[in-house]
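Undergrad: To start, I am sharing the structure in question, which I have written as structure tokens.
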Amino acid sequence: MNMIELQEHLENFGMIACPVDNSLKIFGQKYALHIVRNMLVLKQNRFGQFLRSIEGINTKTLSIRLRELEDFGIIKRTILPTRPVQTEYSL
């Protein structure tokens with residue numbers, strides 16, 4: 001989207017549909033970018049991997065961020081048919 005298209009988009013739809021504003025809603029949350037970074041760079045895809053590698057995050061916050069990223073369509077959660085059940089995340 002170029003500057004003219006962005007300006008027209010904002011004039012037509014207002015700030016509620018602003019791509020920058022919507023991106024900040026997702027990635028402005030604490031640790032959200034850390035999770036995506038670890039998926040891209042470190043090839044991490046499991047809850048425990050994120051928990052061990054992201055300094056300062058706790059299980060509740062990690063669960064919330066993963067769910068938010070999934071709800072926004074940034075990541076996909078896959079439940080593996082194993083015993084015990086395992087969950088993997090992908091972009």
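Note on naming: chains are A, B, ... as they come in the structure tokens, residues start from 1 per chain, ligands start from 1 in the order shown.
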From a backbone DSSP assignment, name each residue in chain A labelled strand (DSSP E or B), as a ChimeraX atom specification.

TA: /A:76-80,86-90

Undergrad: Using the selection just defined, write its residues with C-alpha atoms as an mmCIF file, in the first residue's frame.

TA:
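This went into part.cif:
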data_model
loop_
_atom_site.group_PDB
_atom_site.id
_atom_site.type_symbol
_atom_site.label_atom_id
_atom_site.label_comp_id
_atom_site.auth_asym_id
_atom_site.auth_seq_id
_atom_site.Cartn_x
_atom_site.Cartn_y
_atom_site.Cartn_z
ATOM 1 C CA LYS A 76 -1.567 -21.579 13.814
ATOM 2 C CA ARG A 77 -1.913 -24.050 16.679
ATOM 3 C CA THR A 78 -1.743 -27.760 15.885
ATOM 4 C CA ILE A 79 -2.565 -30.433 18.432
ATOM 5 C CA LEU A 80 -0.552 -33.568 17.724
ATOM 6 C CA GLN A 86 1.555 -32.117 22.317
ATOM 7 C CA THR A 87 0.845 -28.731 20.790
ATOM 8 C CA GLU A 88 2.930 -27.029 18.116
ATOM 9 C CA TYR A 89 2.678 -23.499 16.778
ATOM 10 C CA SER A 90 3.552 -22.323 13.274
#

Undergrad: Which residues come within 9 Å of range 24-40 of chain A, counting only C-alpha atoms, excluding same-chain residues fewer than 4 positions away, as a list in words?

TA: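 In the requested format, the answer is Pro19, Val20, Gln44, Asn45, Phe50, Ser53, Ile54, Ile57, Thr61, Leu62, Arg65, Leu66, Glu68, Leu69, Phe72, Ile74, Ile75, Tyr89, Ser90 and Leu91 of chain A.
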
Undergrad: May I have the selected residues written with N, CA and C atoms, as a compact mmCIF listing (two decimals), in the first residue's frame?

TA:
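So again33.txt came out as:
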# COMPACT_ATOMS: atom_id res chain seq x y z
N PRO A 19 -3.85 0.05 9.04
CA PRO A 19 -2.95 -1.10 9.14
C PRO A 19 -1.90 -0.94 10.24
N VAL A 20 -1.40 0.27 10.42
CA VAL A 20 -0.39 0.50 11.46
C VAL A 20 -1.03 0.32 12.84
N GLN A 44 11.59 -22.21 16.90
CA GLN A 44 10.87 -22.76 18.05
C GLN A 44 9.39 -22.89 17.70
N ASN A 45 8.75 -23.95 18.22
CA ASN A 45 7.33 -24.13 17.93
C ASN A 45 6.54 -24.74 19.09
N PHE A 50 9.38 -21.69 24.15
CA PHE A 50 9.18 -20.24 24.33
C PHE A 50 9.40 -19.85 25.78
N SER A 53 13.10 -19.71 26.71
CA SER A 53 13.99 -18.80 25.97
C SER A 53 13.61 -17.33 26.05
N ILE A 54 12.40 -17.01 26.47
CA ILE A 54 11.98 -15.61 26.56
C ILE A 54 12.08 -15.18 28.01
N ILE A 57 9.06 -13.94 30.87
CA ILE A 57 7.68 -14.33 30.57
C ILE A 57 7.25 -15.44 31.54
N THR A 61 1.08 -15.36 30.91
CA THR A 61 1.29 -14.38 29.84
C THR A 61 1.57 -15.07 28.51
N LEU A 62 2.39 -16.11 28.53
CA LEU A 62 2.69 -16.84 27.30
C LEU A 62 1.43 -17.44 26.71
N ARG A 65 -0.62 -14.60 25.11
CA ARG A 65 -0.02 -14.09 23.87
C ARG A 65 -0.18 -15.09 22.72
N LEU A 66 0.03 -16.37 23.00
CA LEU A 66 -0.14 -17.38 21.96
C LEU A 66 -1.59 -17.40 21.47
N GLU A 68 -3.76 -14.89 21.59
CA GLU A 68 -4.01 -13.66 20.84
C GLU A 68 -3.43 -13.74 19.44
N LEU A 69 -2.20 -14.22 19.33
CA LEU A 69 -1.58 -14.35 18.01
C LEU A 69 -2.36 -15.33 17.14
N PHE A 72 -5.63 -13.58 15.97
CA PHE A 72 -5.38 -12.60 14.90
C PHE A 72 -4.93 -13.27 13.61
N ILE A 74 -2.05 -14.81 13.08
CA ILE A 74 -0.61 -14.70 12.89
C ILE A 74 0.04 -16.08 12.99
N ILE A 75 -0.41 -16.87 13.96
CA ILE A 75 0.13 -18.21 14.12
C ILE A 75 -1.00 -19.23 14.07
N TYR A 89 3.12 -24.76 17.37
CA TYR A 89 2.68 -23.50 16.78
C TYR A 89 3.50 -23.24 15.52
N SER A 90 2.85 -22.66 14.51
CA SER A 90 3.55 -22.32 13.27
C SER A 90 3.04 -20.99 12.75
N LEU A 91 3.87 -20.36 11.93
CA LEU A 91 3.48 -19.07 11.33
C LEU A 91 2.65 -19.32 10.08

Undergrad: I need the residues in chain A that are helix (DSSP H, G or I) according to DSSP; give them as number ranges by chain.

TA: A: 3-13, 15-17, 19-27, 32-41, 47-53, 59-71
